[in-house]
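So this one's model-v8.cif, mmCIF, C-alpha atoms:
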data_structure
#
loop_
_atom_site.label_atom_id
_atom_site.label_comp_id
_atom_site.auth_asym_id
_atom_site.auth_seq_id
_atom_site.Cartn_x
_atom_site.Cartn_y
_atom_site.Cartn_z
CA ARG N 23 -28.75 2.53 -6.67
CA SER N 24 -27.96 2.41 -10.37
CA ALA N 25 -25.00 0.45 -11.71
CA PRO N 26 -21.98 2.54 -12.75
CA ARG N 27 -21.37 3.05 -16.45
CA LEU N 28 -18.24 1.28 -17.60
CA ARG N 29 -15.48 2.07 -20.04
CA ARG N 30 -13.78 -0.73 -21.93
CA SER N 31 -10.15 0.42 -22.15
CA ALA N 32 -8.60 -1.15 -19.04
CA LEU N 33 -5.56 -3.34 -19.69
CA ARG N 34 -3.08 -4.84 -17.25
CA SER N 35 0.58 -4.15 -17.95
CA SER N 36 0.81 -7.82 -18.93
CA GLY N 37 -1.72 -7.08 -21.67
CA ARG N 38 -4.49 -9.18 -20.09
CA LEU N 39 -7.89 -7.56 -20.12
CA LEU N 40 -9.21 -6.44 -16.78
CA ARG N 41 -12.84 -5.93 -16.00
CA PRO N 42 -13.80 -2.51 -17.32
CA LEU N 43 -13.16 0.47 -15.06
CA PRO N 44 -16.13 2.54 -13.91
CA VAL N 45 -16.58 5.74 -15.92
CA GLY N 46 -15.01 8.72 -14.18
CA MET N 47 -12.08 6.85 -12.62
CA PRO N 48 -8.90 8.88 -13.18
CA ARG N 49 -7.14 5.89 -14.71
CA GLU N 50 -5.74 4.81 -18.02
CA GLY N 51 -5.41 1.06 -17.44
CA ASP N 52 -2.66 0.68 -14.83
CA LYS N 53 -1.82 4.40 -14.80
CA TYR N 54 -3.48 6.73 -12.32
CA VAL N 55 -3.70 10.21 -13.87
CA VAL N 56 -2.56 12.81 -11.32
CA THR N 57 -4.14 16.21 -11.92
CA ASP N 58 -2.27 19.51 -11.76
CA ALA N 59 -4.30 20.37 -8.64
CA GLN N 60 -3.23 17.13 -6.94
CA LYS N 61 0.41 17.82 -7.80
CA ARG N 62 0.10 21.34 -6.41
CA ASP N 63 -1.48 20.02 -3.20
CA PHE N 64 1.30 17.49 -2.79
CA PHE N 65 4.08 20.04 -3.12
CA GLU N 66 2.35 22.86 -1.22
CA LYS N 67 0.59 20.87 1.53
CA GLY N 68 2.66 17.70 1.67
CA LEU N 69 -0.24 15.47 0.65
CA ALA N 70 -2.84 15.01 -2.02
CA THR N 71 -6.10 13.07 -2.09
CA LEU N 72 -6.18 10.49 -4.87
CA ASP N 73 -9.86 9.74 -5.35
CA ASN N 74 -10.78 6.36 -6.83
CA LEU N 75 -7.24 5.04 -6.93
CA LEU N 76 -8.51 1.46 -6.72
CA THR N 77 -11.82 -0.13 -7.62
CA GLU N 78 -13.74 -2.01 -4.94
CA GLU N 79 -12.83 -5.25 -6.72
CA GLU N 80 -9.12 -4.38 -6.61
CA VAL N 81 -9.32 -3.56 -2.91
CA ALA N 82 -11.10 -6.87 -2.28
CA GLU N 83 -8.31 -8.81 -4.02
CA ILE N 84 -5.62 -7.17 -1.89
CA GLU N 85 -7.76 -7.46 1.25
CA ALA N 86 -8.10 -11.22 0.77
CA VAL N 87 -4.31 -11.62 0.83
CA TYR N 88 -4.00 -9.16 3.72
CA ASN N 89 -6.49 -11.20 5.76
CA ARG N 90 -4.49 -14.37 5.06
CA PHE N 91 -1.42 -12.68 6.55
CA MET N 92 -3.34 -11.36 9.57
CA SER N 93 -4.83 -14.79 10.31
CA ARG N 94 -1.34 -16.32 9.94
CA GLU N 95 -2.49 -18.52 7.07
CA ILE N 96 0.52 -17.13 5.20
CA HIS N 97 3.48 -17.85 7.46
CA VAL N 98 5.92 -15.05 8.24
CA PRO N 99 8.78 -16.19 10.49
CA GLY N 100 10.39 -14.62 13.53
CA LYS N 101 10.53 -10.89 14.06
CA ASP N 102 9.09 -10.17 10.62
CA PHE N 103 5.64 -10.81 12.16
CA CYS N 104 5.34 -9.10 15.51
CA ASP N 105 3.86 -6.33 17.61
CA MET N 106 6.67 -3.78 17.59
CA SER N 107 5.07 -1.93 20.51
CA LYS N 108 5.61 -4.92 22.81
CA PRO N 109 8.41 -7.39 23.62
CA PHE N 110 9.16 -9.84 20.80
CA ASP N 111 8.09 -12.81 22.94
CA THR N 112 4.50 -11.49 23.23
CA LYS N 113 1.90 -14.11 22.29
CA PHE N 114 -0.03 -13.44 19.10
CA GLU N 115 -3.38 -13.20 20.91
CA ASP N 116 -1.91 -10.35 23.02
CA TYR N 117 -0.77 -8.28 20.02
CA SER N 118 -2.29 -4.81 19.73
CA ILE N 119 -0.66 -3.73 16.48
CA ILE N 120 0.28 -6.49 14.06
CA ASN N 121 3.34 -5.62 12.01
CA CYS N 122 3.93 -7.93 9.06
CA MET N 123 7.19 -6.97 7.41
CA LEU N 124 8.13 -7.82 3.82
CA PRO N 125 4.88 -9.50 2.79
CA THR N 126 5.98 -9.78 -0.84
CA LYS N 127 9.00 -11.80 0.31
CA TYR N 128 6.73 -14.30 2.05
CA HIS N 129 3.98 -14.28 -0.58
CA PRO N 130 5.61 -13.49 -3.95
CA PRO N 131 2.30 -13.35 -5.88
CA LEU N 132 1.58 -10.10 -3.99
CA GLU N 133 4.57 -8.46 -5.73
CA GLY N 134 3.51 -6.13 -8.53
CA ASN N 135 -0.13 -5.96 -7.44
CA ILE N 136 -2.36 -3.23 -8.86
CA TYR N 137 -1.71 -0.91 -5.90
CA GLU N 138 2.06 -1.16 -6.39
CA ARG N 139 1.73 -0.53 -10.13
CA LEU N 140 -0.53 2.49 -9.64
CA ALA N 141 1.67 3.90 -6.86
CA ALA N 142 4.66 3.70 -9.19
CA THR N 143 2.80 5.74 -11.83
CA VAL N 144 1.84 8.36 -9.23
CA ALA N 145 5.45 8.65 -8.05
CA ALA N 146 6.67 8.97 -11.65
CA GLN N 147 4.25 11.84 -12.28
CA LEU N 148 5.21 13.67 -9.10
CA PHE N 149 8.95 13.18 -9.64
CA PRO N 150 9.45 12.71 -13.39
CA ASP N 151 13.22 13.30 -13.20
CA THR N 152 13.86 11.07 -10.17
CA PRO N 153 14.01 7.30 -10.58
CA MET N 154 11.77 5.65 -7.97
CA ALA N 155 11.54 2.06 -6.80
CA LYS N 156 9.79 0.33 -3.92
CA ASP N 157 12.31 -0.15 -1.14
CA TYR N 158 10.27 -1.84 1.57
CA ASP N 159 6.80 -3.20 2.20
CA GLN N 160 4.85 -4.00 5.32
CA LEU N 161 1.30 -4.59 6.49
CA LEU N 162 -0.09 -3.16 9.73
CA ASN N 163 -3.23 -4.02 11.66
CA LYS N 164 -4.51 -2.15 14.69
CA ARG N 165 -6.52 -4.85 16.40
CA PRO N 166 -10.04 -3.95 17.55
CA GLY N 167 -10.73 -3.45 21.22
CA LYS N 168 -7.08 -2.78 22.08
CA ALA N 169 -6.78 0.58 23.85
CA ASP N 170 -3.00 0.55 23.36
CA ALA N 171 -3.27 0.05 19.59
CA VAL N 172 -1.94 3.54 18.90
CA PHE N 173 0.07 4.15 15.77
CA GLY N 174 0.84 7.85 15.64
CA TRP N 175 1.88 9.82 12.58
CA HIS N 176 5.65 9.64 12.31
CA GLN N 177 8.66 9.75 9.97
CA ASP N 178 11.03 6.78 9.81
CA MET N 179 13.80 8.62 8.01
CA ALA N 180 15.85 9.04 11.21
CA TYR N 181 16.32 5.25 11.33
CA TRP N 182 17.69 4.91 7.81
CA PRO N 183 21.34 4.67 6.85
CA ASN N 184 22.85 7.69 5.17
CA THR N 185 21.34 7.87 1.71
CA LYS N 186 20.48 10.46 -0.89
CA MET N 187 16.77 10.04 -0.13
CA THR N 188 14.80 13.02 1.12
CA PRO N 189 11.43 13.17 2.90
CA LEU N 190 9.81 13.94 -0.47
CA THR N 191 11.21 10.81 -2.14
CA THR N 192 10.55 8.31 0.65
#

Since I need it in another form, could you write the structure as structure tokens?
Amino acid sequence: RSAPRLRRSALRSSGRLLRPLPVGMPREGDKYVVTDAQKRDFFEKGLATLDNLLTEEEVAEIEAVYNRFMSREIHVPGKDFCDMSKPFDTKFEDYSIINCMLPTKYHPPLEGNIYERLAATVAAQLFPDTPMAKDYDQLLNKRPGKADAVFGWHQDMAYWPNTKMTPLTT
């Protein structure tokens, strides 16, 4: 397998140089460039595939922090770390779906990670006239070998207080 060709224009929003992005990534530094076809898919089909959003290196950085949460190396107190499909007093080893709420609250260095920055640029391109901001963050883990680790497709909007948000902006 040959090594990917690299381009040298990748900058973090802080101005620090990143490792160069592979050629062909639809990125301009910390901005993911959404194509007209992707926008059309989003509005006509309700979803769009964003190929090469993150590099393997960027995924590995986020994964390392994720694994620290899942192993409980990063402490998350009380009901903010639970299996919401079971009673709150369930022992950790009996969890089927780990739900870690508000990880950036419990590990502030995760705030503003590359995924969050890129997601913000995607949202801004899809809704250029609608101010967007991250409202909530959580990590989920369906544990292997757990037959009841089912997390079906759903919409949480019914649980929210009355707001001006719509399914498109959530």

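Nearest-residue note for Val55 (chain N): choosing from N:Ser107, N:Tyr88, N:Arg94, N:Ala141, the minimum distance belongs to N:Ala141, counting all atoms listed in the file.
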
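If all atoms listed in the file are the atoms counted, then among N:Leu75, N:Arg49, N:Leu132, N:Met179 the closest residue to Ile96 (chain N) is N:Leu132.
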
Discussion item. Which residues would end up in the selection if the PyMOL selection byres ((chain N and resi 138) around 12) were applied here, given that I need the answer as number ranges by chain?
Written reply: N: 52-54, 75-76, 80, 84, 126, 132-137, 139-145, 154-159

Practice prompt. Counting only C-alpha atoms, figure out which residue out of N:Met92, N:Leu148, N:Cys104, N:Ala86 gets nearest to Gly68 (chain N).
Written response: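 Ranking N:Met92, N:Leu148, N:Cys104, N:Ala86 by distance to Gly68 (chain N), first place goes to N:Leu148.
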
Worksheet item: From the set N:Thr77, N:Ser93, N:Gln60, N:Thr71, which residue has the shortest atom-to-atom contact distance to Val45 (chain N), counting only C-alpha atoms?
Response: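 Nearest to Val45 (chain N): N:Thr77.
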
Discussion item. If I take CA of Pro99 (chain N) and CA of Leu124 (chain N), how far is one from the other in Å, to one decimal?
Written reply: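 It comes out at 10.7 Å.
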
Practice prompt. For Asn163 (chain N), please output as a count of residues only all residues within 10 Å (counting all atoms listed in the file; exclusion window: fewer than 2 positions along the same chain).
Written response: 15

Practice prompt. Have a look at CA of Phe91 (chain N) and CA of Tyr181 (chain N) and let me know their distance in Å, one decimal.
Written response: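 CA of Tyr181 (chain N) lies 25.7 Å from CA of Phe91 (chain N).
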
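The coordinates place CA of Pro48 (chain N) at 28.0 Å from CA of Pro125 (chain N).
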
Where is the centre and how long are the edges: axis-aligned box on region 95-105 of chain N, 4 Å on each side, Å to one decimal, as JSON:
{"center_x": 4.0, "center_y": -12.4, "center_z": 11.4, "size_x": 21.0, "size_y": 20.2, "size_z": 20.4}
